[in-house]
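A.B. asks: This is structure-v7.cif, which holds mmCIF, C-alpha atoms:
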data_upload
loop_
_atom_site.group_PDB
_atom_site.id
_atom_site.type_symbol
_atom_site.label_atom_id
_atom_site.label_comp_id
_atom_site.auth_asym_id
_atom_site.auth_seq_id
_atom_site.Cartn_x
_atom_site.Cartn_y
_atom_site.Cartn_z
ATOM 1 C CA MET A 1 89.195 261.873 -61.179
ATOM 2 C CA SER A 2 87.170 261.679 -57.964
ATOM 3 C CA THR A 3 88.273 260.283 -54.638
ATOM 4 C CA SER A 4 87.236 256.793 -55.774
ATOM 5 C CA PRO A 5 88.664 256.431 -59.261
ATOM 6 C CA GLY A 6 88.627 252.610 -59.116
ATOM 7 C CA LEU A 7 91.537 250.209 -59.336
ATOM 8 C CA ALA A 8 94.837 251.510 -60.693
ATOM 9 C CA ARG A 9 96.343 249.714 -63.671
ATOM 10 C CA THR A 10 100.005 249.531 -62.776
ATOM 11 C CA PRO A 11 102.888 247.891 -64.665
ATOM 12 C CA GLU A 12 104.760 244.797 -63.509
ATOM 13 C CA PRO A 13 106.679 245.325 -60.244
ATOM 14 C CA PRO A 14 109.024 246.607 -59.038
ATOM 15 C CA TYR A 15 107.655 250.126 -58.561
ATOM 16 C CA TYR A 16 106.885 252.279 -55.528
ATOM 17 C CA ALA A 17 103.759 252.952 -53.484
ATOM 18 C CA VAL A 18 103.119 255.924 -51.205
ATOM 19 C CA ILE A 19 100.529 254.830 -48.647
ATOM 20 C CA PHE A 20 98.837 257.863 -47.100
ATOM 21 C CA THR A 21 96.417 257.059 -44.271
ATOM 22 C CA SER A 22 94.607 259.901 -42.562
ATOM 23 C CA ARG A 23 91.807 261.137 -40.367
ATOM 24 C CA ARG A 24 90.100 264.337 -41.529
ATOM 25 C CA THR A 25 89.151 267.233 -39.313
ATOM 26 C CA PRO A 26 85.404 268.094 -39.442
ATOM 27 C CA GLY A 27 84.137 270.360 -42.231
ATOM 28 C CA ASP A 28 85.462 270.999 -45.727
ATOM 29 C CA ALA A 29 87.483 274.246 -45.425
ATOM 30 C CA GLY A 30 88.661 273.946 -49.025
ATOM 31 C CA TYR A 31 89.655 270.311 -48.685
ATOM 32 C CA GLU A 32 87.705 268.766 -51.590
ATOM 33 C CA ALA A 33 88.915 271.379 -54.078
ATOM 34 C CA MET A 34 92.511 270.914 -52.938
ATOM 35 C CA ALA A 35 92.263 267.105 -53.066
ATOM 36 C CA GLY A 36 90.864 267.158 -56.605
ATOM 37 C CA ARG A 37 93.564 269.574 -57.713
ATOM 38 C CA MET A 38 96.326 267.430 -56.173
ATOM 39 C CA VAL A 39 95.092 264.325 -58.007
ATOM 40 C CA GLU A 40 94.985 266.309 -61.251
ATOM 41 C CA LEU A 41 98.448 267.781 -60.722
ATOM 42 C CA GLY A 42 100.067 264.639 -59.307
ATOM 43 C CA SER A 43 98.816 262.542 -62.221
ATOM 44 C CA LYS A 44 100.840 264.710 -64.595
ATOM 45 C CA GLN A 45 104.113 264.226 -62.730
ATOM 46 C CA GLU A 46 106.997 262.391 -64.339
ATOM 47 C CA GLY A 47 106.965 258.791 -63.100
ATOM 48 C CA PHE A 48 103.344 258.769 -61.866
ATOM 49 C CA LEU A 49 101.768 255.318 -62.389
ATOM 50 C CA GLY A 50 98.333 255.515 -60.763
ATOM 51 C CA ILE A 51 96.308 256.337 -57.678
ATOM 52 C CA GLU A 52 93.649 254.658 -55.533
ATOM 53 C CA SER A 53 91.805 256.635 -52.881
ATOM 54 C CA VAL A 54 88.913 255.920 -50.520
ATOM 55 C CA ARG A 55 87.430 257.919 -47.660
ATOM 56 C CA GLY A 56 84.869 256.476 -45.270
ATOM 57 C CA THR A 57 81.901 258.280 -43.808
ATOM 58 C CA ASP A 58 83.746 258.529 -40.453
ATOM 59 C CA GLY A 59 86.581 260.641 -41.917
ATOM 60 C CA ALA A 60 89.173 257.854 -42.173
ATOM 61 C CA GLY A 61 90.917 257.797 -45.533
ATOM 62 C CA ILE A 62 93.524 255.820 -47.435
ATOM 63 C CA THR A 63 95.181 257.068 -50.610
ATOM 64 C CA VAL A 64 97.811 254.956 -52.347
ATOM 65 C CA SER A 65 99.736 256.521 -55.209
ATOM 66 C CA TYR A 66 102.100 254.506 -57.394
ATOM 67 C CA TRP A 67 105.399 255.752 -58.777
ATOM 68 C CA ARG A 68 108.162 254.524 -61.052
ATOM 69 C CA ASP A 69 110.917 255.187 -58.523
ATOM 70 C CA GLU A 70 111.959 257.182 -55.465
ATOM 71 C CA ALA A 71 113.101 260.105 -57.631
ATOM 72 C CA ALA A 72 109.547 260.526 -58.937
ATOM 73 C CA ILE A 73 108.194 260.536 -55.362
ATOM 74 C CA GLN A 74 110.739 263.157 -54.312
ATOM 75 C CA GLY A 75 109.935 265.299 -57.342
ATOM 76 C CA TRP A 76 106.238 265.359 -56.470
ATOM 77 C CA LYS A 77 106.909 266.020 -52.784
ATOM 78 C CA ARG A 78 108.937 269.112 -53.747
ATOM 79 C CA ASP A 79 106.331 270.542 -56.158
ATOM 80 C CA ALA A 80 105.518 274.077 -54.952
ATOM 81 C CA GLU A 81 101.726 273.787 -55.157
ATOM 82 C CA HIS A 82 101.881 270.376 -53.487
ATOM 83 C CA GLN A 83 104.031 271.845 -50.699
ATOM 84 C CA ASN A 84 101.301 274.423 -50.040
ATOM 85 C CA ALA A 85 98.773 271.591 -49.836
ATOM 86 C CA GLN A 86 101.031 269.629 -47.478
ATOM 87 C CA ARG A 87 101.169 272.689 -45.213
ATOM 88 C CA GLY A 88 97.362 272.970 -45.274
ATOM 89 C CA GLY A 89 97.132 269.276 -44.449
ATOM 90 C CA ARG A 90 99.318 269.637 -41.376
ATOM 91 C CA GLN A 91 97.631 272.822 -40.187
ATOM 92 C CA ALA A 92 93.953 272.320 -41.027
ATOM 93 C CA TRP A 93 92.659 269.333 -42.972
ATOM 94 C CA TYR A 94 94.053 266.316 -41.141
ATOM 95 C CA ALA A 95 93.648 265.460 -37.465
ATOM 96 C CA ASP A 96 96.320 262.825 -38.022
ATOM 97 C CA TYR A 97 98.106 261.037 -40.832
ATOM 98 C CA THR A 98 100.878 258.611 -41.676
ATOM 99 C CA VAL A 99 102.904 258.435 -44.876
ATOM 100 C CA ARG A 100 104.656 255.181 -45.768
ATOM 101 C CA VAL A 101 106.921 254.771 -48.777
ATOM 102 C CA ALA A 102 107.136 251.169 -49.937
ATOM 103 C CA ARG A 103 108.671 249.211 -52.792
ATOM 104 C CA VAL A 104 106.070 246.986 -54.460
ATOM 105 C CA GLU A 105 107.682 243.611 -55.024
ATOM 106 C CA ARG A 106 104.797 241.560 -56.394
ATOM 107 C CA ALA A 107 101.171 242.047 -57.346
ATOM 108 C CA TYR A 108 98.220 239.988 -58.552
ATOM 109 C CA GLY A 109 94.554 240.497 -59.349
ATOM 110 C CA LYS A 110 91.298 238.605 -59.288
ATOM 111 C CA GLU A 111 92.186 236.459 -62.306
ATOM 112 C CA MET B 1 87.866 246.140 -34.757
ATOM 113 C CA SER B 2 85.582 247.697 -37.373
ATOM 114 C CA THR B 3 86.407 248.514 -40.972
ATOM 115 C CA SER B 4 87.806 251.897 -39.888
ATOM 116 C CA PRO B 5 90.005 251.152 -36.899
ATOM 117 C CA GLY B 6 92.071 254.342 -37.291
ATOM 118 C CA LEU B 7 95.760 254.681 -37.950
ATOM 119 C CA ALA B 8 97.993 251.667 -37.334
ATOM 120 C CA ARG B 9 100.909 252.098 -34.953
ATOM 121 C CA THR B 10 103.708 250.296 -36.710
ATOM 122 C CA PRO B 11 107.374 249.926 -35.689
ATOM 123 C CA GLU B 12 110.305 251.544 -37.481
ATOM 124 C CA PRO B 13 110.751 250.280 -41.069
ATOM 125 C CA PRO B 14 111.630 248.024 -42.703
ATOM 126 C CA TYR B 15 108.490 245.887 -42.579
ATOM 127 C CA TYR B 16 105.956 244.740 -45.172
ATOM 128 C CA ALA B 17 102.594 246.063 -46.355
ATOM 129 C CA VAL B 18 99.886 244.110 -48.183
ATOM 130 C CA ILE B 19 97.819 246.649 -50.127
ATOM 131 C CA PHE B 20 94.415 245.175 -50.996
ATOM 132 C CA THR B 21 92.254 247.392 -53.205
ATOM 133 C CA SER B 22 88.828 246.165 -54.210
ATOM 134 C CA ARG B 23 85.376 246.852 -55.589
ATOM 135 C CA ARG B 24 82.541 245.073 -53.816
ATOM 136 C CA THR B 25 79.639 243.361 -55.529
ATOM 137 C CA PRO B 26 76.204 244.709 -54.445
ATOM 138 C CA GLY B 27 74.606 243.320 -51.277
ATOM 139 C CA ASP B 28 76.150 241.796 -48.161
ATOM 140 C CA ALA B 29 75.897 238.011 -48.700
ATOM 141 C CA GLY B 30 77.865 237.327 -45.523
ATOM 142 C CA TYR B 31 80.579 239.815 -46.359
ATOM 143 C CA GLU B 32 80.572 241.949 -43.187
ATOM 144 C CA ALA B 33 80.686 238.937 -40.877
ATOM 145 C CA MET B 34 83.538 237.416 -42.877
ATOM 146 C CA ALA B 35 85.473 240.712 -42.972
ATOM 147 C CA GLY B 36 85.187 241.173 -39.219
ATOM 148 C CA ARG B 37 86.269 237.590 -38.608
ATOM 149 C CA MET B 38 89.285 237.949 -40.915
ATOM 150 C CA VAL B 39 90.466 241.081 -39.074
ATOM 151 C CA GLU B 40 90.053 239.255 -35.751
ATOM 152 C CA LEU B 41 91.887 236.157 -36.985
ATOM 153 C CA GLY B 42 94.578 237.986 -38.989
ATOM 154 C CA SER B 43 95.435 240.187 -36.021
ATOM 155 C CA LYS B 44 96.418 237.103 -34.040
ATOM 156 C CA GLN B 45 98.853 235.829 -36.663
ATOM 157 C CA GLU B 46 102.550 235.635 -35.932
ATOM 158 C CA GLY B 47 104.229 238.734 -37.372
ATOM 159 C CA PHE B 48 101.056 240.849 -37.713
ATOM 160 C CA LEU B 49 101.833 244.543 -37.077
ATOM 161 C CA GLY B 50 98.595 246.399 -37.822
ATOM 162 C CA ILE B 51 95.777 247.068 -40.270
ATOM 163 C CA GLU B 52 94.065 250.088 -41.816
ATOM 164 C CA SER B 53 90.865 249.662 -43.791
ATOM 165 C CA VAL B 54 88.395 252.027 -45.433
ATOM 166 C CA ARG B 55 85.423 251.407 -47.703
ATOM 167 C CA GLY B 56 83.615 254.196 -49.509
ATOM 168 C CA THR B 57 79.894 254.467 -50.084
ATOM 169 C CA ASP B 58 80.429 253.492 -53.756
ATOM 170 C CA GLY B 59 81.865 250.057 -52.877
ATOM 171 C CA ALA B 60 85.543 250.915 -53.442
ATOM 172 C CA GLY B 61 87.764 249.731 -50.608
ATOM 173 C CA ILE B 62 91.389 249.792 -49.551
ATOM 174 C CA THR B 63 92.780 247.607 -46.778
ATOM 175 C CA VAL B 64 96.464 247.777 -45.884
ATOM 176 C CA SER B 65 97.817 245.203 -43.456
ATOM 177 C CA TYR B 66 101.335 245.400 -42.056
ATOM 178 C CA TRP B 67 103.619 242.442 -41.410
ATOM 179 C CA ARG B 68 107.054 241.779 -39.974
ATOM 180 C CA ASP B 69 108.264 239.893 -43.036
ATOM 181 C CA GLU B 70 107.271 237.884 -46.105
ATOM 182 C CA ALA B 71 107.086 234.671 -44.058
ATOM 183 C CA ALA B 72 104.330 236.182 -41.914
ATOM 184 C CA ILE B 73 102.391 237.185 -45.046
ATOM 185 C CA GLN B 74 102.717 233.681 -46.478
ATOM 186 C CA GLY B 75 101.626 232.111 -43.205
ATOM 187 C CA TRP B 76 98.419 234.170 -43.143
ATOM 188 C CA LYS B 77 97.710 233.531 -46.822
ATOM 189 C CA ARG B 78 97.855 229.777 -46.169
ATOM 190 C CA ASP B 79 95.554 229.844 -43.102
ATOM 191 C CA ALA B 80 92.669 227.450 -43.827
ATOM 192 C CA GLU B 81 89.835 229.775 -42.733
ATOM 193 C CA HIS B 82 91.449 232.643 -44.640
ATOM 194 C CA GLN B 83 91.684 230.456 -47.741
ATOM 195 C CA ASN B 84 87.930 229.870 -47.550
ATOM 196 C CA ALA B 85 87.431 233.629 -47.319
ATOM 197 C CA GLN B 86 89.741 234.183 -50.299
ATOM 198 C CA ARG B 87 87.623 231.748 -52.311
ATOM 199 C CA GLY B 88 84.437 233.603 -51.314
ATOM 200 C CA GLY B 89 86.092 236.866 -52.308
ATOM 201 C CA ARG B 90 86.901 235.594 -55.777
ATOM 202 C CA GLN B 91 83.511 233.981 -56.294
ATOM 203 C CA ALA B 92 81.071 236.372 -54.647
ATOM 204 C CA TRP B 93 82.151 239.408 -52.666
ATOM 205 C CA TYR B 94 84.501 241.264 -54.996
ATOM 206 C CA ALA B 95 83.765 242.477 -58.516
ATOM 207 C CA ASP B 96 87.493 243.142 -58.813
ATOM 208 C CA TYR B 97 90.572 243.432 -56.650
ATOM 209 C CA THR B 98 94.327 243.841 -56.674
ATOM 210 C CA VAL B 99 96.819 242.619 -54.072
ATOM 211 C CA ARG B 100 100.224 244.281 -53.865
ATOM 212 C CA VAL B 101 102.985 243.150 -51.530
ATOM 213 C CA ALA B 102 105.430 245.934 -50.727
ATOM 214 C CA ARG B 103 108.415 246.505 -48.472
ATOM 215 C CA VAL B 104 107.971 249.673 -46.394
ATOM 216 C CA GLU B 105 111.260 251.538 -46.493
ATOM 217 C CA ARG B 106 110.420 254.730 -44.614
ATOM 218 C CA ALA B 107 107.472 256.260 -42.796
ATOM 219 C CA TYR B 108 106.565 259.487 -41.052
ATOM 220 C CA GLY B 109 103.529 261.020 -39.375
ATOM 221 C CA LYS B 110 101.984 264.392 -38.745
ATOM 222 C CA GLU B 111 104.489 265.214 -35.995
#
Spit out the file's structure as structure tokens when you get a sec.

C.D. replies:
Amino acid sequence: MSTSPGLARTPEPPYYAVIFTSRRTPGDAGYEAMAGRMVELGSKQEGFLGIESVRGTDGAGITVSYWRDEAAIQGWKRDAEHQNAQRGGRQAWYADYTVRVARVERAYGKE
Amino acid sequence: MSTSPGLARTPEPPYYAVIFTSRRTPGDAGYEAMAGRMVELGSKQEGFLGIESVRGTDGAGITVSYWRDEAAIQGWKRDAEHQNAQRGGRQAWYADYTVRVARVERAYGKE
């Protein structure tokens, strides 16, 4: 799954969204490999429902991952390999970021 | 405000997020002008808290707008000029999209 895997097919609400908005530091420094690995690993977590991710040419990015419940989000946050990646994010890859945890209450599509 | 205005500075939760994920049709067809106008107009709405928006080179986009409450979201959805834009989105600008309305329960940043 690349950084633009298309629209996630999620079940009927309620479920949870983790909205991760960020600005990258310049250069790769292992970022792309880590990001691909985190999508691969996160997608296998219990309670994972889907992910949507876009990064612009100016380094601004938004990744929204969808989860069955708060317990699933906490489980993924505590994953050891993910914790290493979080540390790298704070120290090297992101100039700035915000994480928001939100409960999806309703959803609709084009049709 | 461009399509990558940086990270939104939102107040302490709770508040609401509208997560709009989309795939654009090819070509502009008035899209950029409309998108800029909608950010300008939406930002003036009662209860608007901020917006983050990124579109990738492949046409995938994520826009998250933040709102004080559901009433503010409904007010913006009913705005006449915005309703015209929504119609254009369904008919021309978007190959596909999903709208999710979510209640932000907690948030944290880099430091």

A.B. asks: Could you please determine the separation between CA of Ala85 in chain B and CA of Arg106 in chain A in Å, to one decimal place?

C.D. replies: 21.1 Å

A.B. asks: Running the PyMOL selection byres ((chain A) within 9 of (chain B)) on this model by hand, what would come out? Give it as a PyMOL selection string.

C.D. replies: chain A and resi 4-8+16-17+19+21-23+52-58+60-64+89-90+94-111

A.B. asks: Of the candidates B:Gln86, B:Glu81, B:Arg24, B:Trp93, which shows the shortest atom-to-atom distance to Leu41 in chain B, using all atoms listed in the file?

C.D. replies: B:Glu81

A.B. asks: Starting from the shown file, work through the PyMOL selection byres ((chain B and resi 71) around 12) and note down what comes out as a PyMOL selection string.

C.D. replies: chain B and resi 15-16+45-48+67-70+72-78

A.B. asks: Got time to write the residues from that selection, C-alpha atoms, as a PDB file, keeping the file's coordinate frame?

C.D. replies:
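Result file is again21.pdb:
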ATOM      1  CA  TYR B  15     108.490 245.887 -42.579  1.00  0.00           C
ATOM      2  CA  TYR B  16     105.956 244.740 -45.172  1.00  0.00           C
ATOM      3  CA  GLN B  45      98.853 235.829 -36.663  1.00  0.00           C
ATOM      4  CA  GLU B  46     102.550 235.635 -35.932  1.00  0.00           C
ATOM      5  CA  GLY B  47     104.229 238.734 -37.372  1.00  0.00           C
ATOM      6  CA  PHE B  48     101.056 240.849 -37.713  1.00  0.00           C
ATOM      7  CA  TRP B  67     103.619 242.442 -41.410  1.00  0.00           C
ATOM      8  CA  ARG B  68     107.054 241.779 -39.974  1.00  0.00           C
ATOM      9  CA  ASP B  69     108.264 239.893 -43.036  1.00  0.00           C
ATOM     10  CA  GLU B  70     107.271 237.884 -46.105  1.00  0.00           C
ATOM     11  CA  ALA B  72     104.330 236.182 -41.914  1.00  0.00           C
ATOM     12  CA  ILE B  73     102.391 237.185 -45.046  1.00  0.00           C
ATOM     13  CA  GLN B  74     102.717 233.681 -46.478  1.00  0.00           C
ATOM     14  CA  GLY B  75     101.626 232.111 -43.205  1.00  0.00           C
ATOM     15  CA  TRP B  76      98.419 234.170 -43.143  1.00  0.00           C
ATOM     16  CA  LYS B  77      97.710 233.531 -46.822  1.00  0.00           C
ATOM     17  CA  ARG B  78      97.855 229.777 -46.169  1.00  0.00           C
TER      18      ARG B  78
END

A.B. asks: With chain A held fixed, move chain B onto it by a least-squares fit of all C-alpha atoms in order and give the output as a CSV table (one decimal) with C-alpha atoms, in the frame of the given file.

C.D. replies:
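After the write, result_15.csv holds the following:
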chain,number,residue,atom,x,y,z
B,1,MET,CA,89.2,261.9,-61.2
B,2,SER,CA,87.1,261.7,-58.0
B,3,THR,CA,88.2,260.3,-54.6
B,4,SER,CA,87.2,256.8,-55.8
B,5,PRO,CA,88.6,256.4,-59.2
B,6,GLY,CA,88.6,252.6,-59.1
B,7,LEU,CA,91.5,250.2,-59.3
B,8,ALA,CA,94.8,251.5,-60.7
B,9,ARG,CA,96.3,249.7,-63.7
B,10,THR,CA,100.0,249.5,-62.8
B,11,PRO,CA,102.9,247.9,-64.7
B,12,GLU,CA,104.8,244.8,-63.5
B,13,PRO,CA,106.7,245.3,-60.2
B,14,PRO,CA,109.0,246.6,-59.0
B,15,TYR,CA,107.7,250.1,-58.6
B,16,TYR,CA,106.9,252.3,-55.5
B,17,ALA,CA,103.8,253.0,-53.5
B,18,VAL,CA,103.1,255.9,-51.2
B,19,ILE,CA,100.5,254.8,-48.6
B,20,PHE,CA,98.8,257.9,-47.1
B,21,THR,CA,96.4,257.1,-44.3
B,22,SER,CA,94.6,259.9,-42.6
B,23,ARG,CA,91.8,261.2,-40.4
B,24,ARG,CA,90.1,264.3,-41.5
B,25,THR,CA,89.1,267.2,-39.3
B,26,PRO,CA,85.4,268.1,-39.4
B,27,GLY,CA,84.1,270.4,-42.2
B,28,ASP,CA,85.5,271.0,-45.7
B,29,ALA,CA,87.5,274.2,-45.4
B,30,GLY,CA,88.7,273.9,-49.0
B,31,TYR,CA,89.7,270.3,-48.7
B,32,GLU,CA,87.7,268.8,-51.6
B,33,ALA,CA,88.9,271.4,-54.1
B,34,MET,CA,92.5,270.9,-52.9
B,35,ALA,CA,92.3,267.1,-53.1
B,36,GLY,CA,90.9,267.2,-56.6
B,37,ARG,CA,93.6,269.6,-57.7
B,38,MET,CA,96.3,267.4,-56.2
B,39,VAL,CA,95.1,264.3,-58.0
B,40,GLU,CA,95.0,266.3,-61.3
B,41,LEU,CA,98.5,267.8,-60.7
B,42,GLY,CA,100.1,264.6,-59.3
B,43,SER,CA,98.8,262.5,-62.2
B,44,LYS,CA,100.8,264.7,-64.6
B,45,GLN,CA,104.1,264.2,-62.7
B,46,GLU,CA,107.0,262.4,-64.3
B,47,GLY,CA,107.0,258.8,-63.1
B,48,PHE,CA,103.3,258.8,-61.9
B,49,LEU,CA,101.8,255.3,-62.4
B,50,GLY,CA,98.3,255.5,-60.8
B,51,ILE,CA,96.3,256.3,-57.7
B,52,GLU,CA,93.6,254.7,-55.5
B,53,SER,CA,91.8,256.6,-52.9
B,54,VAL,CA,88.9,255.9,-50.5
B,55,ARG,CA,87.4,257.9,-47.7
B,56,GLY,CA,84.9,256.5,-45.3
B,57,THR,CA,81.9,258.3,-43.8
B,58,ASP,CA,83.8,258.5,-40.5
B,59,GLY,CA,86.6,260.6,-41.9
B,60,ALA,CA,89.2,257.8,-42.2
B,61,GLY,CA,90.9,257.8,-45.5
B,62,ILE,CA,93.5,255.8,-47.4
B,63,THR,CA,95.2,257.1,-50.6
B,64,VAL,CA,97.8,255.0,-52.3
B,65,SER,CA,99.7,256.5,-55.2
B,66,TYR,CA,102.1,254.5,-57.4
B,67,TRP,CA,105.4,255.7,-58.8
B,68,ARG,CA,108.2,254.5,-61.0
B,69,ASP,CA,110.9,255.2,-58.5
B,70,GLU,CA,112.0,257.2,-55.5
B,71,ALA,CA,113.1,260.1,-57.6
B,72,ALA,CA,109.5,260.5,-58.9
B,73,ILE,CA,108.2,260.5,-55.4
B,74,GLN,CA,110.7,263.2,-54.3
B,75,GLY,CA,110.0,265.3,-57.3
B,76,TRP,CA,106.2,265.4,-56.5
B,77,LYS,CA,106.9,266.0,-52.8
B,78,ARG,CA,108.9,269.1,-53.8
B,79,ASP,CA,106.3,270.5,-56.2
B,80,ALA,CA,105.5,274.1,-55.0
B,81,GLU,CA,101.7,273.8,-55.2
B,82,HIS,CA,101.9,270.4,-53.5
B,83,GLN,CA,104.0,271.8,-50.7
B,84,ASN,CA,101.3,274.4,-50.0
B,85,ALA,CA,98.8,271.6,-49.9
B,86,GLN,CA,101.0,269.6,-47.5
B,87,ARG,CA,101.2,272.7,-45.2
B,88,GLY,CA,97.4,273.0,-45.3
B,89,GLY,CA,97.1,269.3,-44.5
B,90,ARG,CA,99.3,269.6,-41.4
B,91,GLN,CA,97.6,272.8,-40.2
B,92,ALA,CA,93.9,272.3,-41.0
B,93,TRP,CA,92.7,269.3,-43.0
B,94,TYR,CA,94.1,266.3,-41.1
B,95,ALA,CA,93.6,265.5,-37.5
B,96,ASP,CA,96.3,262.8,-38.0
B,97,TYR,CA,98.1,261.0,-40.8
B,98,THR,CA,100.9,258.6,-41.7
B,99,VAL,CA,102.9,258.4,-44.9
B,100,ARG,CA,104.7,255.2,-45.8
B,101,VAL,CA,106.9,254.8,-48.8
B,102,ALA,CA,107.2,251.2,-49.9
B,103,ARG,CA,108.7,249.2,-52.8
B,104,VAL,CA,106.1,247.0,-54.5
B,105,GLU,CA,107.7,243.6,-55.0
B,106,ARG,CA,104.8,241.6,-56.4
B,107,ALA,CA,101.2,242.0,-57.3
B,108,TYR,CA,98.2,240.0,-58.5
B,109,GLY,CA,94.6,240.5,-59.3
B,110,LYS,CA,91.3,238.6,-59.3
B,111,GLU,CA,92.2,236.8,-62.5

A.B. asks: Considering all atoms listed in the file, can you say which of B:Ala33, B:Ala92, B:Thr10, B:Pro26 comes closest to Gly50 in chain B?

C.D. replies: B:Thr10

A.B. asks: Of the candidates B:Gly88, B:Tyr66, B:Ala80, B:Glu12, which one gets nearest to Ala35 in chain B if we count only C-alpha atoms?

C.D. replies: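 Answer, going by the shortest atom-to-atom distance: B:Gly88.
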
A.B. asks: Distance CA of Gly27 in chain A-CA of Gln83 in chain A, one decimal place?

C.D. replies: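 Taking CA of Gly27 in chain A and CA of Gln83 in chain A, their separation equals 21.7 Å.
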
A.B. asks: For CA of Pro11 in chain A and CA of Leu49 in chain B, quote the distance in Å rounded to one decimal.

C.D. replies: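 So the two atoms, CA of Pro11 in chain A and CA of Leu49 in chain B, lie 27.8 Å apart.
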
A.B. asks: Since the input has fewer atoms than a full residue there, write range 90-96 of chain A out with all heavy atoms, as a PDB file, in the coordinates of the input.

C.D. replies:
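selection_3.pdb, freshly written:
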ATOM      1  N   ARG A  90      98.796 269.657 -42.753  1.00  0.00           N
ATOM      2  CA  ARG A  90      99.318 269.637 -41.376  1.00  0.00           C
ATOM      3  C   ARG A  90      98.536 270.588 -40.478  1.00  0.00           C
ATOM      4  O   ARG A  90      98.239 270.299 -39.329  1.00  0.00           O
ATOM      5  CB  ARG A  90     100.798 270.047 -41.373  1.00  0.00           C
ATOM      6  CG  ARG A  90     101.750 268.968 -41.837  1.00  0.00           C
ATOM      7  CD  ARG A  90     103.203 269.351 -41.542  1.00  0.00           C
ATOM      8  NE  ARG A  90     103.624 270.555 -42.231  1.00  0.00           N
ATOM      9  CZ  ARG A  90     104.150 270.605 -43.457  1.00  0.00           C
ATOM     10  NH1 ARG A  90     104.308 269.493 -44.148  1.00  0.00           N
ATOM     11  NH2 ARG A  90     104.507 271.750 -44.006  1.00  0.00           N
ATOM     12  N   GLN A  91      98.201 271.765 -41.030  1.00  0.00           N
ATOM     13  CA  GLN A  91      97.631 272.822 -40.187  1.00  0.00           C
ATOM     14  C   GLN A  91      96.113 272.727 -40.035  1.00  0.00           C
ATOM     15  O   GLN A  91      95.572 273.193 -39.031  1.00  0.00           O
ATOM     16  CB  GLN A  91      97.999 274.193 -40.775  1.00  0.00           C
ATOM     17  CG  GLN A  91      99.500 274.466 -40.713  1.00  0.00           C
ATOM     18  CD  GLN A  91      99.898 275.773 -41.383  1.00  0.00           C
ATOM     19  OE1 GLN A  91      99.072 276.421 -42.012  1.00  0.00           O
ATOM     20  NE2 GLN A  91     101.162 276.140 -41.245  1.00  0.00           N
ATOM     21  N   ALA A  92      95.416 272.193 -41.044  1.00  0.00           N
ATOM     22  CA  ALA A  92      93.953 272.320 -41.027  1.00  0.00           C
ATOM     23  C   ALA A  92      93.192 271.032 -41.352  1.00  0.00           C
ATOM     24  O   ALA A  92      92.260 270.662 -40.632  1.00  0.00           O
ATOM     25  CB  ALA A  92      93.529 273.410 -42.009  1.00  0.00           C
ATOM     26  N   TRP A  93      93.553 270.349 -42.431  1.00  0.00           N
ATOM     27  CA  TRP A  93      92.659 269.333 -42.972  1.00  0.00           C
ATOM     28  C   TRP A  93      92.725 267.981 -42.277  1.00  0.00           C
ATOM     29  O   TRP A  93      91.775 267.217 -42.290  1.00  0.00           O
ATOM     30  CB  TRP A  93      92.927 269.157 -44.478  1.00  0.00           C
ATOM     31  CG  TRP A  93      92.543 270.348 -45.281  1.00  0.00           C
ATOM     32  CD1 TRP A  93      91.367 271.033 -45.222  1.00  0.00           C
ATOM     33  CD2 TRP A  93      93.351 271.033 -46.248  1.00  0.00           C
ATOM     34  NE1 TRP A  93      91.380 272.083 -46.109  1.00  0.00           N
ATOM     35  CE2 TRP A  93      92.580 272.104 -46.758  1.00  0.00           C
ATOM     36  CE3 TRP A  93      94.644 270.825 -46.759  1.00  0.00           C
ATOM     37  CZ2 TRP A  93      93.065 272.972 -47.731  1.00  0.00           C
ATOM     38  CZ3 TRP A  93      95.126 271.679 -47.727  1.00  0.00           C
ATOM     39  CH2 TRP A  93      94.343 272.749 -48.202  1.00  0.00           C
ATOM     40  N   TYR A  94      93.899 267.651 -41.714  1.00  0.00           N
ATOM     41  CA  TYR A  94      94.053 266.316 -41.141  1.00  0.00           C
ATOM     42  C   TYR A  94      94.256 266.372 -39.635  1.00  0.00           C
ATOM     43  O   TYR A  94      95.160 267.053 -39.147  1.00  0.00           O
ATOM     44  CB  TYR A  94      95.249 265.591 -41.772  1.00  0.00           C
ATOM     45  CG  TYR A  94      95.066 265.374 -43.255  1.00  0.00           C
ATOM     46  CD1 TYR A  94      95.909 265.981 -44.182  1.00  0.00           C
ATOM     47  CD2 TYR A  94      94.032 264.575 -43.733  1.00  0.00           C
ATOM     48  CE1 TYR A  94      95.733 265.801 -45.542  1.00  0.00           C
ATOM     49  CE2 TYR A  94      93.849 264.382 -45.097  1.00  0.00           C
ATOM     50  CZ  TYR A  94      94.700 264.998 -45.994  1.00  0.00           C
ATOM     51  OH  TYR A  94      94.518 264.818 -47.334  1.00  0.00           O
ATOM     52  N   ALA A  95      93.436 265.629 -38.903  1.00  0.00           N
ATOM     53  CA  ALA A  95      93.648 265.460 -37.465  1.00  0.00           C
ATOM     54  C   ALA A  95      94.899 264.632 -37.225  1.00  0.00           C
ATOM     55  O   ALA A  95      95.637 264.842 -36.271  1.00  0.00           O
ATOM     56  CB  ALA A  95      92.433 264.783 -36.840  1.00  0.00           C
ATOM     57  N   ASP A  96      95.144 263.676 -38.138  1.00  0.00           N
ATOM     58  CA  ASP A  96      96.320 262.825 -38.022  1.00  0.00           C
ATOM     59  C   ASP A  96      96.566 262.160 -39.369  1.00  0.00           C
ATOM     60  O   ASP A  96      95.637 261.994 -40.167  1.00  0.00           O
ATOM     61  CB  ASP A  96      96.103 261.755 -36.941  1.00  0.00           C
ATOM     62  CG  ASP A  96      97.423 261.202 -36.402  1.00  0.00           C
ATOM     63  OD1 ASP A  96      98.499 261.649 -36.844  1.00  0.00           O
ATOM     64  OD2 ASP A  96      97.367 260.310 -35.538  1.00  0.00           O
TER      65      ASP A  96
END
